[in-house]
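Next up, entry-v1.pdb (PDB, C-alpha atoms, pLDDT in the B column):
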```pdb
ATOM      1  CA  MET A   1     -18.603  -9.869  -0.370  1.00 67.00           C
ATOM      2  CA  ALA A   2     -21.761 -11.266  -1.908  1.00 77.00           C
ATOM      3  CA  TRP A   3     -23.612  -9.388  -4.642  1.00 80.00           C
ATOM      4  CA  ASP A   4     -26.660  -8.910  -2.398  1.00 82.00           C
ATOM      5  CA  GLU A   5     -24.484  -7.380   0.300  1.00 83.00           C
ATOM      6  CA  TRP A   6     -22.916  -5.005  -2.242  1.00 80.00           C
ATOM      7  CA  GLU A   7     -26.362  -3.911  -3.445  1.00 82.00           C
ATOM      8  CA  GLN A   8     -27.487  -3.284   0.164  1.00 84.00           C
ATOM      9  CA  LEU A   9     -24.406  -1.181   0.883  1.00 81.00           C
ATOM     10  CA  LYS A  10     -24.954   0.861  -2.275  1.00 81.00           C
ATOM     11  CA  ALA A  11     -28.612   1.460  -1.364  1.00 83.00           C
ATOM     12  CA  ARG A  12     -27.702   2.499   2.191  1.00 83.00           C
ATOM     13  CA  ALA A  13     -25.040   4.889   0.910  1.00 78.00           C
ATOM     14  CA  ALA A  14     -27.500   6.405  -1.577  1.00 77.00           C
ATOM     15  CA  GLU A  15     -30.043   6.949   1.218  1.00 80.00           C
ATOM     16  CA  GLN A  16     -27.437   8.699   3.347  1.00 78.00           C
ATOM     17  CA  GLY A  17     -26.297  10.828   0.417  1.00 68.00           C
ATOM     18  CA  THR A  18     -22.782   9.437   0.653  1.00 55.00           C
ATOM     19  CA  ALA A  19     -22.709   7.552  -2.642  1.00 52.00           C
ATOM     20  CA  GLN A  20     -19.229   8.526  -3.807  1.00 57.00           C
ATOM     21  CA  MET A  21     -16.374   6.624  -5.291  1.00 55.00           C
ATOM     22  CA  GLN A  22     -12.757   7.482  -4.604  1.00 51.00           C
ATOM     23  CA  LEU A  23     -10.099   5.878  -6.766  1.00 51.00           C
ATOM     24  CA  ASN A  24      -6.365   6.367  -7.032  1.00 55.00           C
ATOM     25  CA  GLN A  25      -6.180   9.100  -4.461  1.00 54.00           C
ATOM     26  CA  LEU A  26      -5.174   9.654  -0.905  1.00 56.00           C
ATOM     27  CA  ASP A  27      -7.679  11.155   1.521  1.00 58.00           C
ATOM     28  CA  ASP A  28      -6.270  14.466   2.762  1.00 58.00           C
ATOM     29  CA  GLY A  29      -8.013  14.055   6.118  1.00 61.00           C
ATOM     30  CA  SER A  30     -10.946  16.309   5.305  1.00 59.00           C
ATOM     31  CA  GLY A  31     -12.795  13.768   3.186  1.00 55.00           C
ATOM     32  CA  GLY A  32     -11.616  15.461   0.006  1.00 51.00           C
ATOM     33  CA  ARG A  33      -9.018  14.540  -2.500  1.00 48.00           C
ATOM     34  CA  GLY A  34      -5.432  14.094  -1.503  1.00 47.00           C
ATOM     35  CA  GLY A  35      -2.390  13.936  -3.691  1.00 47.00           C
ATOM     36  CA  PRO A  36      -0.482  16.553  -5.685  1.00 49.00           C
ATOM     37  CA  GLY A  37      -1.214  20.129  -4.811  1.00 50.00           C
ATOM     38  CA  THR A  38      -2.801  19.312  -1.460  1.00 49.00           C
ATOM     39  CA  GLY A  39       0.296  19.031   0.662  1.00 49.00           C
ATOM     40  CA  GLN A  40       0.143  15.238   0.735  1.00 48.00           C
ATOM     41  CA  GLN A  41       3.748  14.255   0.072  1.00 50.00           C
ATOM     42  CA  ASP A  42       3.066  10.637   1.097  1.00 53.00           C
ATOM     43  CA  ALA A  43       0.972  10.125  -2.056  1.00 54.00           C
ATOM     44  CA  THR A  44       4.083   9.990  -4.242  1.00 61.00           C
ATOM     45  CA  LEU A  45       5.243   6.566  -5.357  1.00 61.00           C
ATOM     46  CA  GLN A  46       8.962   6.158  -4.864  1.00 69.00           C
ATOM     47  CA  VAL A  47      11.059   3.201  -5.910  1.00 68.00           C
ATOM     48  CA  ASN A  48      14.782   2.801  -5.580  1.00 74.00           C
ATOM     49  CA  GLN A  49      17.228   0.379  -7.133  1.00 74.00           C
ATOM     50  CA  LYS A  50      17.746  -1.453  -3.850  1.00 81.00           C
ATOM     51  CA  SER A  51      14.050  -2.317  -3.488  1.00 80.00           C
ATOM     52  CA  LEU A  52      13.770  -3.373  -7.151  1.00 78.00           C
ATOM     53  CA  ALA A  53      16.824  -5.597  -6.753  1.00 80.00           C
ATOM     54  CA  ALA A  54      15.421  -7.180  -3.580  1.00 84.00           C
ATOM     55  CA  ILE A  55      12.086  -7.990  -5.217  1.00 85.00           C
ATOM     56  CA  GLY A  56      13.775  -9.395  -8.317  1.00 84.00           C
ATOM     57  CA  ASP A  57      16.109 -11.478  -6.147  1.00 87.00           C
ATOM     58  CA  GLU A  58      13.187 -12.931  -4.161  1.00 89.00           C
ATOM     59  CA  ALA A  59      11.354 -13.790  -7.399  1.00 88.00           C
ATOM     60  CA  PHE A  60      14.505 -15.554  -8.647  1.00 88.00           C
ATOM     61  CA  LYS A  61      14.832 -17.504  -5.367  1.00 91.00           C
ATOM     62  CA  LEU A  62      11.142 -18.450  -5.462  1.00 90.00           C
ATOM     63  CA  PHE A  63      11.585 -19.676  -9.028  1.00 90.00           C
ATOM     64  CA  GLY A  64      14.470 -21.923  -7.965  1.00 90.00           C
ATOM     65  CA  ARG A  65      12.634 -23.379  -4.973  1.00 90.00           C
ATOM     66  CA  LEU A  66       9.374 -23.878  -6.838  1.00 87.00           C
ATOM     67  CA  GLU A  67      11.075 -25.459  -9.832  1.00 87.00           C
ATOM     68  CA  LYS A  68      12.585 -28.097  -7.534  1.00 86.00           C
ATOM     69  CA  ASP A  69       9.676 -28.557  -5.109  1.00 85.00           C
ATOM     70  CA  ALA A  70       6.851 -28.544  -7.675  1.00 82.00           C
ATOM     71  CA  LYS A  71       8.328 -31.638  -9.303  1.00 81.00           C
ATOM     72  CA  HIS A  72       8.900 -33.434  -5.994  1.00 79.00           C
ATOM     73  CA  ALA A  73       5.939 -35.806  -6.129  1.00 78.00           C
ATOM     74  CA  ASP A  74       5.204 -35.549  -9.845  1.00 80.00           C
ATOM     75  CA  ALA A  75       6.652 -38.900 -10.959  1.00 80.00           C
ATOM     76  CA  ALA A  76       5.212 -40.833  -7.997  1.00 84.00           C
ATOM     77  CA  SER A  77       1.758 -39.270  -8.438  1.00 87.00           C
ATOM     78  CA  ALA A  78       1.727 -39.933 -12.181  1.00 85.00           C
ATOM     79  CA  SER A  79       2.774 -43.549 -11.578  1.00 86.00           C
ATOM     80  CA  ALA A  80       0.071 -44.022  -8.930  1.00 88.00           C
ATOM     81  CA  ALA A  81      -2.536 -42.511 -11.231  1.00 88.00           C
ATOM     82  CA  GLY A  82      -1.516 -44.900 -14.006  1.00 86.00           C
ATOM     83  CA  SER A  83      -1.664 -47.928 -11.694  1.00 86.00           C
ATOM     84  CA  MET A  84      -5.053 -47.011 -10.251  1.00 88.00           C
ATOM     85  CA  ARG A  85      -6.623 -45.962 -13.544  1.00 83.00           C
ATOM     86  CA  GLU A  86      -7.464 -49.524 -14.565  1.00 79.00           C
ATOM     87  CA  ASP A  87      -8.895 -50.631 -11.212  1.00 79.00           C
ATOM     88  CA  PHE A  88     -10.309 -47.477  -9.638  1.00 83.00           C
ATOM     89  CA  SER A  89     -12.100 -44.432 -10.996  1.00 82.00           C
ATOM     90  CA  ILE A  90      -9.956 -42.270  -8.719  1.00 87.00           C
ATOM     91  CA  GLY A  91      -6.968 -43.033 -10.958  1.00 88.00           C
ATOM     92  CA  ALA A  92      -8.315 -40.805 -13.741  1.00 88.00           C
ATOM     93  CA  ALA A  93      -9.052 -38.067 -11.223  1.00 89.00           C
ATOM     94  CA  LEU A  94      -5.512 -38.275  -9.818  1.00 88.00           C
ATOM     95  CA  ALA A  95      -4.083 -38.127 -13.346  1.00 89.00           C
ATOM     96  CA  HIS A  96      -6.149 -34.999 -13.964  1.00 90.00           C
ATOM     97  CA  VAL A  97      -4.867 -33.405 -10.734  1.00 89.00           C
ATOM     98  CA  VAL A  98      -1.249 -34.228 -11.679  1.00 89.00           C
ATOM     99  CA  GLU A  99      -1.760 -32.648 -15.113  1.00 90.00           C
ATOM    100  CA  LYS A 100      -3.357 -29.497 -13.662  1.00 91.00           C
ATOM    101  CA  TRP A 101      -0.661 -29.204 -10.979  1.00 88.00           C
ATOM    102  CA  GLY A 102       2.020 -29.329 -13.661  1.00 88.00           C
ATOM    103  CA  SER A 103       0.256 -26.705 -15.761  1.00 90.00           C
ATOM    104  CA  GLN A 104      -0.350 -24.366 -12.818  1.00 90.00           C
ATOM    105  CA  SER A 105       3.161 -24.719 -11.426  1.00 89.00           C
ATOM    106  CA  ARG A 106       4.603 -23.906 -14.880  1.00 89.00           C
ATOM    107  CA  SER A 107       2.418 -20.771 -14.951  1.00 91.00           C
ATOM    108  CA  VAL A 108       3.756 -19.675 -11.555  1.00 90.00           C
ATOM    109  CA  LEU A 109       7.325 -20.436 -12.657  1.00 90.00           C
ATOM    110  CA  ASP A 110       6.814 -18.336 -15.782  1.00 91.00           C
ATOM    111  CA  ALA A 111       5.440 -15.478 -13.675  1.00 90.00           C
ATOM    112  CA  CYS A 112       8.425 -15.613 -11.289  1.00 88.00           C
ATOM    113  CA  ALA A 113      10.861 -15.606 -14.204  1.00 88.00           C
ATOM    114  CA  HIS A 114       9.010 -12.710 -15.822  1.00 88.00           C
ATOM    115  CA  ILE A 115       9.090 -10.657 -12.601  1.00 86.00           C
ATOM    116  CA  SER A 116      12.770 -11.351 -12.028  1.00 83.00           C
ATOM    117  CA  ASN A 117      13.746 -10.573 -15.620  1.00 82.00           C
ATOM    118  CA  HIS A 118      11.559  -7.484 -15.831  1.00 82.00           C
ATOM    119  CA  LEU A 119      12.951  -5.995 -12.626  1.00 78.00           C
ATOM    120  CA  GLU A 120      16.495  -6.674 -13.772  1.00 74.00           C
ATOM    121  CA  TYR A 121      15.658  -4.901 -17.052  1.00 77.00           C
ATOM    122  CA  SER A 122      13.987  -2.039 -15.126  1.00 75.00           C
ATOM    123  CA  GLN A 123      17.103  -1.531 -13.018  1.00 71.00           C
ATOM    124  CA  LYS A 124      19.269  -1.223 -16.127  1.00 76.00           C
ATOM    125  CA  ALA A 125      16.770   1.023 -17.895  1.00 78.00           C
ATOM    126  CA  HIS A 126      16.457   3.383 -14.911  1.00 73.00           C
ATOM    127  CA  ARG A 127      20.213   3.479 -14.464  1.00 76.00           C
ATOM    128  CA  ASN A 128      20.581   4.426 -18.144  1.00 79.00           C
ATOM    129  CA  ASP A 129      17.848   7.067 -17.784  1.00 80.00           C
ATOM    130  CA  ASP A 130      19.604   8.522 -14.736  1.00 78.00           C
ATOM    131  CA  GLU A 131      22.903   8.681 -16.604  1.00 80.00           C
ATOM    132  CA  ARG A 132      21.255  10.377 -19.608  1.00 82.00           C
ATOM    133  CA  VAL A 133      19.528  12.954 -17.371  1.00 80.00           C
ATOM    134  CA  LEU A 134      22.763  13.632 -15.484  1.00 78.00           C
ATOM    135  CA  SER A 135      24.584  14.102 -18.775  1.00 79.00           C
ATOM    136  CA  ALA A 136      21.924  16.522 -20.031  1.00 76.00           C
ATOM    137  CA  ILE A 137      22.001  18.503 -16.779  1.00 75.00           C
ATOM    138  CA  SER A 138      25.802  18.648 -16.880  1.00 72.00           C
ATOM    139  CA  SER A 139      25.622  19.992 -20.428  1.00 71.00           C
ATOM    140  CA  ILE A 140      23.173  22.681 -19.335  1.00 72.00           C
ATOM    141  CA  ALA A 141      25.480  23.646 -16.460  1.00 67.00           C
ATOM    142  CA  LYS A 142      28.409  24.014 -18.909  1.00 71.00           C
ATOM    143  CA  LEU A 143      26.217  26.101 -21.197  1.00 69.00           C
ATOM    144  CA  ASP A 144      25.203  28.317 -18.264  1.00 67.00           C
ATOM    145  CA  ASP A 145      28.882  28.736 -17.343  1.00 69.00           C
ATOM    146  CA  GLY A 146      29.550  29.917 -20.890  1.00 67.00           C
ATOM    147  CA  PHE A 147      26.815  32.557 -20.643  1.00 68.00           C
ATOM    148  CA  ASP A 148      28.093  33.667 -17.241  1.00 65.00           C
ATOM    149  CA  ASP A 149      31.623  33.906 -18.669  1.00 61.00           C
ATOM    150  CA  ARG A 150      30.381  36.027 -21.597  1.00 61.00           C
ATOM    151  CA  ASP A 151      28.539  38.385 -19.210  1.00 59.00           C
ATOM    152  CA  ARG A 152      31.725  38.884 -17.179  1.00 63.00           C
ATOM    153  CA  ARG A 153      33.686  39.914 -20.278  1.00 61.00           C
ATOM    154  CA  ARG A 154      31.316  42.783 -21.085  1.00 58.00           C
TER     155      ARG A 154
END
```

Represent the structure of the file as structure tokens.
Amino acid sequence: MAWDEWEQLKARAAEQGTAQMQLNQLDDGSGGRGGPGTGQQDATLQVNQKSLAAIGDEAFKLFGRLEKDAKHADAASASAAGSMREDFSIGAALAHVVEKWGSQSRSVLDACAHISNHLEYSQKAHRNDDERVLSAISSIAKLDDGFDDRDRRR
């Protein structure tokens, strides 16, 4: 969307009295706010270990494929750029493209590795959190049993 178009849309909305902004919320169907307290259960973000593992696995696979495929024509392109540099001005341009391709592909590889590693860490962290919460709840249940036992002895 061009800036002029954005300005026209804002002006039209202001004329109609509908200049509102709605962020991070789900419309409840009446034009108002959705989300907690409005009966909109779909507004809750839910993630499970299976989906985290699948995303992390795909990032790992993408890393492997990209690492191999990004280097596929690297040597040949660099050699061609070197050969053409002395005779043609396009040689310097090709060398620049090869350099930028290498830099950009390394950035994407780093991002894939970061996603994969972070999701693996998240899985472990959430599993540990779940175990800690379960342990705390179990302790509370044992404590409640002790109070119930004391009340029965009276």

Write out as AutoDock Vina command-line options an axis-aligned box for region 101-111 of chain A: all of its atoms listed in the file, 6 Å added on each side, centre and edge lengths in Å with one decimal.
```
--center_x 3.3 --center_y -22.4 --center_z -13.4 --size_x 20.0 --size_y 25.9 --size_z 16.8
```

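Closest approach to His118 (chain A) from the set A:Lys10, A:Ala95, A:Asp4, A:Ala53 is made by A:Ala53, with distances taken over all atoms listed in the file.
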
For this session: Using CA of Glu120 (chain A) and CA of Leu52 (chain A) as the two end points, give the distance in Å to one decimal.
Result: 7.9 Å

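Within 12 Å of the point (13.8, -12.6, -5.4) in file coordinates, and counting only C-alpha atoms, lie the residues Lys50, Ser51, Leu52, Ala53, Ala54, Ile55, Gly56, Asp57, Glu58, Ala59, Phe60, Lys61, Leu62, Phe63, Gly64, Arg65, Cys112, Ala113, His114, Ile115, Ser116, Asn117, His118, Leu119 and Glu120 of chain A.
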
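Considering the residues A:Met84, A:Leu134, A:Ala13, A:Ala78 and counting all atoms listed in the file, Lys100 (chain A) has its shortest atom-to-atom contact with A:Ala78.
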
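Take CA of Ser83 (chain A) and CA of Arg106 (chain A): the distance between them is 25.0 Å.
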
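For the atom pair formed by CA of Val98 (chain A) and CA of Gly82 (chain A), the distance is 10.9 Å, given to one decimal.
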
For this session: Can you give me, as number ranges by chain, the residues this file yields under the PyMOL selection byres ((chain A and resi 101) around 12)?
Result: A: 69-74, 77-78, 94-100, 102-109
